[in-house]
Every structure is written in structure tokens, then in C-alpha cells.
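Student: Sharing work_31.tsv below, TSV, C-alpha atoms:
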```tsv
chain	number	residue	atom	x	y	z
A	88	MET	CA	61.01	244.28	259.08
A	89	SER	CA	64.77	244.03	258.63
A	90	SER	CA	67.20	243.32	261.47
A	91	GLN	CA	68.63	246.85	261.15
A	92	GLN	CA	65.20	248.30	261.87
A	93	TRP	CA	64.78	245.90	264.77
A	94	GLU	CA	68.05	247.03	266.28
A	95	ALA	CA	67.03	250.68	265.85
A	96	GLU	CA	63.75	250.07	267.68
A	97	TRP	CA	65.04	247.59	270.26
A	98	GLU	CA	64.42	248.51	273.91
A	99	ARG	CA	65.02	246.63	277.11
A	100	VAL	CA	61.31	246.32	277.96
A	101	LEU	CA	58.80	243.50	277.72
A	102	TRP	CA	55.57	245.35	278.36
A	103	LYS	CA	55.50	247.08	274.95
A	104	LYS	CA	54.23	245.44	271.82
A	105	LYS	CA	57.24	244.96	269.53
A	106	PRO	CA	57.61	243.52	266.02
A	107	TYR	CA	60.48	241.27	267.10
A	108	PRO	CA	60.24	238.23	269.40
A	109	ASP	CA	60.82	238.51	273.15
A	110	ASN	CA	64.07	236.56	273.02
A	111	TYR	CA	65.60	238.78	270.36
A	112	VAL	CA	69.09	240.08	271.27
A	113	PRO	CA	70.67	242.83	269.13
A	114	ARG	CA	74.30	242.81	268.18
A	115	SER	CA	74.87	245.98	270.21
A	116	PHE	CA	73.72	244.30	273.40
A	117	LEU	CA	77.28	243.40	274.48
A	118	SER	CA	78.81	246.75	273.52
A	119	SER	CA	78.69	247.95	277.13
A	120	LEU	CA	80.26	244.78	278.49
A	121	SER	CA	82.88	245.54	281.16
A	122	ARG	CA	85.16	243.34	283.23
A	123	ASN	CA	85.95	244.18	286.84
A	124	PRO	CA	84.67	247.79	286.61
A	125	ASN	CA	85.18	248.58	290.32
A	126	PHE	CA	88.31	246.53	290.80
A	127	LYS	CA	91.08	248.15	292.86
A	128	PRO	CA	94.19	245.98	292.98
A	129	TYR	CA	95.86	245.49	296.34
A	130	THR	CA	99.55	245.96	296.91
A	131	TYR	CA	101.53	243.50	298.98
A	132	TRP	CA	102.99	245.86	301.60
A	133	HIS	CA	99.68	247.64	302.05
A	134	LEU	CA	98.10	244.31	302.97
A	135	VAL	CA	101.00	243.53	305.30
A	136	VAL	CA	100.34	246.77	307.19
A	137	LEU	CA	96.61	245.98	307.30
A	138	SER	CA	97.40	242.61	308.89
A	139	CYS	CA	99.20	244.26	311.82
A	140	PRO	CA	96.07	244.34	314.07
A	141	ILE	CA	95.69	240.57	313.70
A	142	SER	CA	99.36	240.04	314.54
A	143	GLN	CA	99.00	242.31	317.58
A	144	HIS	CA	95.97	240.39	318.79
A	145	LEU	CA	97.68	237.02	318.44
A	146	ALA	CA	100.77	238.39	320.19
A	147	SER	CA	98.66	239.68	323.10
A	148	ILE	CA	97.09	236.22	323.54
A	149	PHE	CA	100.51	234.53	323.69
A	150	VAL	CA	101.84	237.20	326.08
A	151	PHE	CA	98.89	236.55	328.38
A	152	LEU	CA	99.43	232.79	328.26
A	153	ALA	CA	103.13	233.25	329.03
A	154	VAL	CA	102.26	235.43	332.04
A	155	PHE	CA	99.81	232.80	333.27
A	156	MET	CA	102.39	230.03	332.99
A	157	ARG	CA	104.96	232.10	334.89
A	158	LEU	CA	102.45	232.81	337.67
A	159	GLN	CA	101.51	229.14	337.91
A	160	GLN	CA	105.15	228.04	338.06
A	161	HIS	CA	106.05	230.79	340.59
A	162	LEU	CA	108.43	232.43	338.10
A	163	LEU	CA	106.69	235.81	338.35
A	164	ASP	CA	105.75	237.75	341.46
A	165	PRO	CA	102.03	238.63	341.25
A	166	ARG	CA	102.68	241.98	342.98
A	167	ALA	CA	105.12	242.87	340.22
A	168	LEU	CA	102.43	241.97	337.68
A	169	VAL	CA	99.98	244.35	339.37
A	170	TRP	CA	102.49	247.20	339.22
A	171	ILE	CA	103.35	246.38	335.60
A	172	SER	CA	99.66	246.41	334.72
A	173	ALA	CA	99.23	249.79	336.41
A	174	GLY	CA	102.22	251.21	334.53
A	175	VAL	CA	101.01	249.84	331.20
A	176	PHE	CA	97.56	251.31	331.85
A	177	ILE	CA	99.02	254.76	332.54
A	178	ALA	CA	101.24	254.58	329.44
A	179	GLY	CA	98.34	253.47	327.26
A	180	TYR	CA	96.10	256.22	328.60
A	181	MET	CA	98.77	258.82	327.89
A	182	VAL	CA	99.00	257.58	324.28
A	183	TRP	CA	95.19	257.81	324.01
A	184	GLU	CA	95.28	261.40	325.33
A	185	ILE	CA	97.98	262.37	322.83
A	186	LEU	CA	95.97	260.92	319.95
A	187	ASP	CA	92.82	262.74	321.11
A	188	PHE	CA	94.58	266.06	321.71
A	189	THR	CA	94.10	267.29	318.15
A	190	THR	CA	90.79	265.61	317.34
A	191	VAL	CA	88.62	265.88	320.46
A	192	ASP	CA	87.51	269.14	322.11
A	193	LYS	CA	88.59	270.02	325.64
A	194	VAL	CA	85.18	269.50	327.28
A	195	ALA	CA	84.89	265.99	325.86
A	196	ARG	CA	88.41	265.15	327.05
A	197	TYR	CA	87.62	266.22	330.61
A	198	THR	CA	84.42	264.16	330.54
A	199	ASN	CA	86.27	261.12	329.26
A	200	ARG	CA	88.92	261.49	331.97
A	201	ALA	CA	86.29	261.51	334.71
A	202	LYS	CA	84.58	258.44	333.26
A	203	THR	CA	87.90	256.62	332.89
A	204	LEU	CA	88.93	257.34	336.47
A	205	LYS	CA	85.56	256.21	337.83
A	206	ALA	CA	85.54	253.02	335.75
A	207	SER	CA	89.13	252.19	336.71
A	208	ILE	CA	88.41	252.47	340.43
A	209	LEU	CA	85.25	250.34	340.12
A	210	VAL	CA	87.03	247.62	338.14
A	211	PHE	CA	89.95	247.59	340.60
A	212	LEU	CA	87.69	247.23	343.63
A	213	ALA	CA	85.46	244.64	341.95
A	214	LEU	CA	88.41	242.45	341.02
A	215	MET	CA	89.86	242.69	344.53
A	216	SER	CA	86.57	241.59	346.08
A	217	LEU	CA	85.92	238.79	343.58
A	218	SER	CA	89.41	237.27	343.55
A	219	PRO	CA	88.74	234.80	346.42
A	220	VAL	CA	85.57	233.63	344.67
A	221	LEU	CA	87.22	233.28	341.28
A	222	LYS	CA	90.01	231.20	342.80
A	223	THR	CA	87.57	228.43	343.74
A	224	LEU	CA	85.31	228.79	340.72
A	225	THR	CA	86.44	225.62	338.91
A	226	ALA	CA	87.75	223.61	341.86
A	227	ALA	CA	85.65	220.58	340.89
A	228	THR	CA	86.70	220.67	337.22
A	229	SER	CA	89.64	218.70	335.90
A	230	SER	CA	92.63	220.57	334.49
A	231	ASP	CA	92.28	218.92	331.06
A	232	SER	CA	88.80	220.36	330.70
A	233	ILE	CA	90.08	223.78	331.74
A	234	TRP	CA	92.86	223.74	329.12
A	235	ALA	CA	90.47	222.63	326.36
A	236	LEU	CA	87.85	225.22	327.31
A	237	SER	CA	90.45	227.98	327.53
A	238	ALA	CA	91.94	227.14	324.13
A	239	SER	CA	88.47	227.09	322.53
A	240	LEU	CA	87.56	230.46	324.02
A	241	PHE	CA	90.81	232.07	322.89
A	242	ILE	CA	90.29	230.76	319.34
A	243	LEU	CA	86.76	232.19	319.42
A	244	ASN	CA	88.18	235.47	320.70
A	245	ALA	CA	90.65	235.72	317.81
A	246	LEU	CA	88.00	234.85	315.20
A	247	LEU	CA	85.37	237.32	316.43
A	248	ALA	CA	87.64	240.25	317.31
A	249	ASP	CA	87.05	243.60	315.62
A	250	TYR	CA	90.12	244.55	313.58
A	251	THR	CA	88.71	247.73	312.05
A	252	ALA	CA	89.93	251.22	312.90
A	253	LEU	CA	88.23	253.32	315.58
A	254	ARG	CA	87.70	256.92	314.57
A	255	PRO	CA	87.59	259.70	317.19
A	256	GLN	CA	84.14	260.84	318.33
A	257	SER	CA	82.63	257.87	316.55
A	258	HIS	CA	79.06	257.13	317.65
A	259	ARG	CA	79.01	253.69	316.09
A	260	ARG	CA	78.00	250.98	318.51
A	261	GLU	CA	80.22	248.02	319.18
A	262	ARG	CA	79.55	245.03	317.00
A	263	LEU	CA	78.01	241.95	318.56
A	264	THR	CA	80.99	239.87	317.43
A	265	SER	CA	83.41	242.25	319.17
A	266	VAL	CA	81.46	241.99	322.44
A	267	LEU	CA	81.37	238.20	322.17
A	268	SER	CA	85.11	238.20	321.47
A	269	MET	CA	85.88	240.18	324.63
A	270	ASN	CA	83.57	238.01	326.73
A	271	ALA	CA	85.23	234.86	325.42
A	272	ALA	CA	88.71	236.16	326.33
A	273	ILE	CA	87.65	237.30	329.82
A	274	SER	CA	85.90	233.97	330.43
A	275	SER	CA	89.02	232.09	329.39
A	276	SER	CA	91.10	234.27	331.70
A	277	VAL	CA	88.77	233.56	334.62
A	278	VAL	CA	88.95	229.77	334.21
A	279	LEU	CA	92.74	229.96	333.92
A	280	ALA	CA	93.00	232.22	336.97
A	281	SER	CA	91.10	229.65	339.01
A	282	ARG	CA	94.16	227.36	338.69
A	283	LEU	CA	96.51	229.82	340.38
A	284	PRO	CA	97.68	229.20	343.95
A	285	ASP	CA	96.69	232.42	345.79
A	286	ASP	CA	94.28	235.35	345.64
A	287	ILE	CA	96.84	237.98	344.69
A	288	SER	CA	97.86	235.90	341.64
A	289	VAL	CA	94.21	235.63	340.61
A	290	PHE	CA	93.75	239.38	341.04
A	291	GLY	CA	96.88	240.19	339.06
A	292	LEU	CA	96.01	237.87	336.17
A	293	ILE	CA	92.40	239.09	335.87
A	294	LEU	CA	93.57	242.71	336.00
A	295	PHE	CA	96.09	241.97	333.28
A	296	SER	CA	93.42	240.20	331.19
A	297	VAL	CA	91.07	243.21	331.42
A	298	GLN	CA	93.81	245.44	330.10
A	299	THR	CA	94.84	242.97	327.40
A	300	PHE	CA	91.44	241.98	326.03
A	301	ALA	CA	89.14	244.91	326.93
A	302	LEU	CA	91.27	248.08	326.95
A	303	PHE	CA	94.11	247.31	324.57
A	304	PRO	CA	91.82	246.46	321.58
A	305	MET	CA	90.31	249.96	321.80
A	306	LEU	CA	93.75	251.57	321.90
A	307	ARG	CA	94.91	249.33	319.06
A	308	ARG	CA	91.98	250.37	316.86
A	309	ARG	CA	92.57	254.03	317.74
A	310	ILE	CA	96.25	253.77	316.78
A	311	GLN	CA	95.24	251.98	313.59
A	312	ASP	CA	93.24	255.03	312.52
A	313	ALA	CA	95.59	257.81	313.65
A	314	ALA	CA	99.23	256.70	313.63
A	315	ARG	CA	100.34	254.00	311.19
A	316	PRO	CA	104.07	254.21	312.07
A	317	LEU	CA	103.17	253.75	315.74
A	318	GLN	CA	101.04	250.76	314.75
A	319	ILE	CA	104.05	249.08	313.10
A	320	ILE	CA	106.22	249.82	316.16
A	321	VAL	CA	103.61	248.33	318.51
A	322	THR	CA	103.34	245.24	316.31
A	323	VAL	CA	107.10	244.64	316.32
A	324	PHE	CA	107.26	245.20	320.08
A	325	LEU	CA	104.40	242.82	320.88
A	326	VAL	CA	105.66	240.09	318.56
A	327	GLY	CA	109.15	240.33	320.04
A	328	LEU	CA	107.80	240.34	323.60
A	329	SER	CA	105.61	237.28	322.95
A	330	LEU	CA	108.54	235.34	321.50
A	331	LEU	CA	110.79	236.41	324.37
A	332	LEU	CA	108.28	235.29	327.00
A	333	THR	CA	107.16	232.10	325.27
A	334	TYR	CA	110.47	230.57	324.19
A	335	PRO	CA	111.84	229.77	327.71
A	336	LEU	CA	108.54	228.05	328.59
A	337	SER	CA	107.82	225.99	325.45
A	338	THR	CA	109.68	225.76	322.16
A	339	THR	CA	106.65	224.06	320.57
A	340	ALA	CA	104.38	227.00	321.42
A	341	THR	CA	107.06	229.38	320.14
A	342	TYR	CA	107.26	227.58	316.80
A	343	LEU	CA	103.45	227.48	316.57
A	344	TYR	CA	103.16	231.21	317.20
A	345	THR	CA	106.00	231.99	314.77
A	346	PHE	CA	104.23	229.99	312.07
A	347	CYS	CA	100.92	231.80	312.75
A	348	PHE	CA	102.62	235.20	312.70
A	349	ILE	CA	104.50	234.54	309.44
A	350	PHE	CA	101.41	233.13	307.76
A	351	VAL	CA	99.08	235.96	308.84
A	352	THR	CA	101.52	238.82	308.24
A	353	PHE	CA	103.47	237.75	305.15
A	354	VAL	CA	101.98	234.64	303.49
A	355	ALA	CA	98.27	235.50	303.53
A	356	PRO	CA	98.74	238.96	301.90
A	357	GLY	CA	100.84	237.35	299.18
A	358	MET	CA	98.14	234.75	298.55
A	359	LEU	CA	95.51	237.49	298.23
A	360	VAL	CA	97.66	239.48	295.79
A	361	TRP	CA	98.25	236.30	293.77
A	362	ALA	CA	94.52	235.46	293.73
A	363	GLN	CA	93.62	238.87	292.29
A	364	ARG	CA	94.63	237.77	288.81
A	365	PHE	CA	91.75	235.27	288.76
A	366	LYS	CA	89.09	237.85	289.55
A	367	ASN	CA	86.68	238.08	286.63
A	368	GLU	CA	83.50	240.02	287.31
A	369	ILE	CA	81.42	240.78	284.21
A	370	ARG	CA	79.03	243.73	284.20
A	371	GLY	CA	76.65	244.75	281.46
A	372	THR	CA	73.26	246.25	280.65
A	373	TRP	CA	71.47	243.15	281.93
A	374	ASP	CA	72.50	243.85	285.54
A	375	PRO	CA	69.89	245.50	287.79
A	376	ALA	CA	70.60	249.05	288.80
A	377	VAL	CA	72.24	249.46	292.21
A	378	PRO	CA	71.00	252.54	294.09
A	379	LYS	CA	73.62	254.65	295.86
A	380	VAL	CA	72.38	255.52	299.34
A	381	TYR	CA	74.35	258.07	301.33
A	382	ARG	CA	73.77	257.62	305.04
A	383	ARG	CA	74.45	260.31	307.58
A	384	LEU	CA	75.79	259.46	311.01
A	385	SER	CA	73.02	259.93	313.51
A	386	VAL	CA	74.28	261.44	316.75
A	387	SER	CA	72.48	259.98	319.72
A	388	ARG	CA	71.56	262.51	322.37
```
Can you dump the structure from the file as C-alpha cells?
Tutor:
Amino acid sequence: MSSQQWEAEWERVLWKKKPYPDNYVPRSFLSSLSRNPNFKPYTYWHLVVLSCPISQHLASIFVFLAVFMRLQQHLLDPRALVWISAGVFIAGYMVWEILDFTTVDKVARYTNRAKTLKASILVFLALMSLSPVLKTLTAATSSDSIWALSASLFILNALLADYTALRPQSHRRERLTSVLSMNAAISSSVVLASRLPDDISVFGLILFSVQTFALFPMLRRRIQDAARPLQIIVTVFLVGLSLLLTYPLSTTATYLYTFCFIFVTFVAPGMLVWAQRFKNEIRGTWDPAVPKVYRRLSVSR
């Protein structure tokens, strides 16, 4: 049988008896060859905007560390920190309500308000009662161990944080990495607070850490989904605030944070755009079929 007849009868099966050998490859086999069929090139400024949540998270860590240093050096009144935390909480909650005004029904908003008020009172009372205990938590531990442990936990917090957007009325559960990230940040805040001189300073720092590492990430993800211009404004504000608070305390820490911010926000997106030219994914008829499964969100009752 000629090769033309073989090509006419060729099929991509091995269980049929064929006149040609099993390793026969027709000339038309590579006709459906495609390179990077699902490739969507990134643009530089789009990646810069997508990196804003990481920049916000790094800025919040440096703001918290600057507040801790000012409390330890008696440069900040802890009572003022408590009032600032209360004001920031009210402002953040108002932003959350504005974002939910057009996407969440009225009954759900009233329910969320009641839960928020109840949780806020419980957290406030719990922190007030635990502040004397937290102050003496690491009394037998050296300061060098505390600094090393705190730095390790904050690095773990930044690596495991959830930087995806949070959609309204989303029933998706929190990722395990996001829970571990929050726990690492709160644990680091507790060990740092144990080095403060009085109970009110411990209470103020822990309250500020709950807002920074537990409440603000949820607001940040909500803003990321609903209001991109507001996300850019928040990023600029947090970066400027972190530099303003850090520079009088340590120029080395300021330079370190500036390098991290520039690399994450401007250098890393450029490297990704540059690396796209080397992407070379080949698809053809030899690839197994990929089923498309459409999942529906299951609403838990």
C-alpha cells in the first residue's frame, strides 16, 4: 500500500488492525501544531496596578513596626493610638458600607452591622482583659530572640497573605494560607507588645495590630474588587505614611522598605513582561483532551 493510502486511512488509534506500523507518522500530523494558543500578553501598567495589594501589605507592616518603636521609645501616647485606631476603624467601616450599598441587599447589611458591632465589643473587652497577661508573656525571653521571632513571623505573614479580590456576597471560605498569615502577624504583634512598658501600650498595640492584620486585609481585598482608583489612592497613602513614620527612626529600614516597594511595584512587573517573550508552549493533536468543567457556587445554608 502506498504512503498516500496510508495517510488517507491513518487514525490516532492503536487498537485497530492497520496496514502501517504502529510508529508511522503521517506528514499531516503537525498541521495542527500551535504555539501559545491560550497566551494573553500582560501589559506593564496593568501588572503595576495588580501589585498594589502587595505594596499595601508591606506598607502596613512597616507602619505597624514604626508605631511599635514609637511606643517603646515613649514617642507616642498609647491613649492617642487607641483613639486613632477607633477613628480608623470607623472610617474603614464607612468605606465598607459605601462599597456594599449597591451590591448587598438591605437585610444583609443590617445583619452584618449587628455582627460587626457584637464582634467589635467582644474584641475590645477581650484585649482589655488580656493586656496585663500579654505584657508578661515573654518576660523570660531575651530581646534578641523576640526580634528574630517577630521578623520571621512577619516574613511568613507577607508570603502567605491572600492578595486576591474579595467579591461581595462571596461564600468562598478563607484559604488556609490566609488564616496562617493572619495568625503569624497577630503572634508577632503579641511578642512585640510584651516588650512595652505598661498595659495601656500593650492594649493599644494589639488593638492596632488586629485592625492592621485582620480587618484591613478584608477591606483591601474588597476595594481591590470594587474601586481600582481608590486602591491606587490607598496604596500611595500607605506608602507615604510608612516612609514618613520610618525615616525618623531608622534610615536603614527606610532604604530597605523603599527598595522592596520599588522592586515589587515597578521592577517585578517589568521582569514579567520581559520574560513573556521566552514563553513557548507547543500544542498539537498528541495532547490529551482537557475537559471543561463549569462549577456552580454552592450556597451554604
Student: CA of Pro165 (chain A) and CA of Asp285 (chain A) are how many Å apart?
Tutor: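 That distance, rounded to one decimal, is 9.4 Å.
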Student: For a test of reading the model, state the distance in Å between CA of Ala238 (chain A) and CA of Asn270 (chain A), rounded to one decimal.
Tutor: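 Atom-to-atom, CA of Ala238 (chain A) to CA of Asn270 (chain A), that is 14.0 Å.
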Student: If you count only C-alpha atoms, which residues fall within 10 Å of region 334-349 of chain A, apart from same-chain ones fewer than 6 positions away, as a ChimeraX atom specification?
Tutor: /A:138-139,141-143,145-146,149,153,156-157,326,355
Student: Taking into account only C-alpha atoms, which residue in the set A:Ser216, A:Ser296, A:Pro284, A:Trp361 is nearest to His161 (chain A)?
Tutor: A:Pro284
Student: Any chance you could turn region 189-318 of chain A into a file with C-alpha atoms, as a compact mmCIF listing (two decimals), in the first residue's frame?
Tutor:
```
# COMPACT_ATOMS: atom_id res chain seq x y z
CA THR A 189 -25.11 48.97 45.67
CA THR A 190 -24.24 45.27 45.82
CA VAL A 191 -25.72 43.92 49.06
CA ASP A 192 -29.42 43.94 49.98
CA LYS A 193 -30.70 45.89 52.97
CA VAL A 194 -31.45 42.88 55.18
CA ALA A 195 -27.93 41.52 54.75
CA ARG A 196 -26.45 44.93 55.57
CA TYR A 197 -28.41 45.16 58.83
CA THR A 198 -27.31 41.64 59.76
CA ASN A 199 -23.68 42.46 59.03
CA ARG A 200 -23.88 45.62 61.13
CA ALA A 201 -25.18 43.70 64.14
CA LYS A 202 -22.43 41.08 63.79
CA THR A 203 -19.77 43.77 63.39
CA LEU A 204 -20.91 45.65 66.48
CA LYS A 205 -21.02 42.48 68.56
CA ALA A 206 -17.60 41.31 67.39
CA SER A 207 -16.05 44.74 67.98
CA ILE A 208 -17.28 44.89 71.57
CA LEU A 209 -16.06 41.35 72.28
CA VAL A 210 -12.61 42.03 70.82
CA PHE A 211 -12.31 45.31 72.73
CA LEU A 212 -13.20 43.71 76.07
CA ALA A 213 -11.01 40.66 75.44
CA LEU A 214 -7.97 42.78 74.67
CA MET A 215 -8.54 44.95 77.74
CA SER A 216 -8.70 41.90 80.00
CA LEU A 217 -5.72 40.13 78.41
CA SER A 218 -3.36 43.11 78.24
CA PRO A 219 -1.80 42.52 81.71
CA VAL A 220 -1.18 38.87 80.81
CA LEU A 221 0.29 39.66 77.41
CA LYS A 222 2.67 42.18 78.97
CA THR A 223 4.44 39.43 80.94
CA LEU A 224 4.12 36.72 78.30
CA THR A 225 7.78 36.71 77.20
CA ALA A 226 9.42 38.13 80.34
CA ALA A 227 11.91 35.25 80.49
CA THR A 228 12.87 35.51 76.80
CA SER A 229 15.77 37.59 75.59
CA SER A 230 15.10 40.56 73.33
CA ASP A 231 17.28 39.14 70.51
CA SER A 232 15.06 36.07 70.33
CA ILE A 233 11.97 38.27 70.27
CA TRP A 234 13.29 40.36 67.35
CA ALA A 235 14.27 37.27 65.35
CA LEU A 236 10.94 35.55 66.01
CA SER A 237 8.98 38.68 65.12
CA ALA A 238 10.88 39.21 61.87
CA SER A 239 10.34 35.55 60.87
CA LEU A 240 6.61 35.75 61.58
CA PHE A 241 6.19 38.97 59.60
CA ILE A 242 8.03 37.44 56.62
CA LEU A 243 5.72 34.42 56.86
CA ASN A 244 2.74 36.77 57.05
CA ALA A 245 3.77 38.57 53.85
CA LEU A 246 4.42 35.31 51.97
CA LEU A 247 1.14 33.61 52.92
CA ALA A 248 -1.19 36.61 52.68
CA ASP A 249 -4.16 36.45 50.30
CA TYR A 250 -3.81 39.16 47.65
CA THR A 251 -6.86 38.21 45.60
CA ALA A 252 -10.00 40.32 45.35
CA LEU A 253 -12.98 39.73 47.63
CA ARG A 254 -16.30 39.81 45.83
CA PRO A 255 -19.49 40.87 47.65
CA GLN A 256 -21.72 38.08 48.97
CA SER A 257 -18.95 35.61 48.25
CA HIS A 258 -19.44 32.28 50.02
CA ARG A 259 -15.89 31.14 49.41
CA ARG A 260 -14.11 30.08 52.56
CA GLU A 261 -10.87 31.67 53.62
CA ARG A 262 -7.78 29.91 52.39
CA LEU A 263 -5.62 28.09 54.89
CA THR A 264 -2.63 30.22 53.89
CA SER A 265 -4.59 33.42 54.58
CA VAL A 266 -5.54 32.19 58.07
CA LEU A 267 -1.94 31.20 58.78
CA SER A 268 -0.79 34.62 57.56
CA MET A 269 -3.11 36.45 59.95
CA ASN A 270 -2.12 34.20 62.86
CA ALA A 271 1.56 34.81 62.15
CA ALA A 272 1.07 38.60 62.18
CA ILE A 273 -1.01 38.58 65.38
CA SER A 274 1.53 36.29 67.07
CA SER A 275 4.35 38.62 66.08
CA SER A 276 2.37 41.58 67.42
CA VAL A 277 1.82 39.81 70.74
CA VAL A 278 5.52 39.05 71.28
CA LEU A 279 6.41 42.64 70.39
CA ALA A 280 3.72 44.03 72.69
CA SER A 281 5.21 42.07 75.58
CA ARG A 282 8.25 44.41 75.39
CA LEU A 283 6.20 47.55 76.03
CA PRO A 284 6.36 49.27 79.42
CA ASP A 285 2.68 49.43 80.51
CA ASP A 286 -0.68 47.76 80.00
CA ILE A 287 -2.28 50.58 78.04
CA SER A 288 0.57 50.45 75.50
CA VAL A 289 0.08 46.70 75.13
CA PHE A 290 -3.67 47.19 74.66
CA GLY A 291 -3.19 49.94 72.09
CA LEU A 292 -0.64 47.99 70.05
CA ILE A 293 -2.68 44.76 69.99
CA LEU A 294 -5.80 46.71 69.03
CA PHE A 295 -3.88 48.37 66.23
CA SER A 296 -2.49 45.00 65.08
CA VAL A 297 -5.99 43.48 64.90
CA GLN A 298 -7.09 46.31 62.66
CA THR A 299 -3.93 46.18 60.55
CA PHE A 300 -3.62 42.43 60.01
CA ALA A 301 -7.17 41.09 60.47
CA LEU A 302 -9.60 43.82 59.36
CA PHE A 303 -7.62 45.86 56.86
CA PRO A 304 -6.81 42.87 54.56
CA MET A 305 -10.55 42.25 54.12
CA LEU A 306 -11.18 45.91 53.28
CA ARG A 307 -8.17 45.92 50.96
CA ARG A 308 -9.47 42.91 49.04
CA ARG A 309 -12.95 44.47 48.86
CA ILE A 310 -11.52 47.72 47.46
CA GLN A 311 -9.44 45.69 45.01
CA ASP A 312 -12.62 44.24 43.52
CA ALA A 313 -14.85 47.33 43.55
CA ALA A 314 -12.84 50.55 43.26
CA ARG A 315 -9.49 50.49 41.44
CA PRO A 316 -8.88 54.28 41.67
CA LEU A 317 -9.44 54.08 45.43
CA GLN A 318 -6.99 51.18 45.56
```
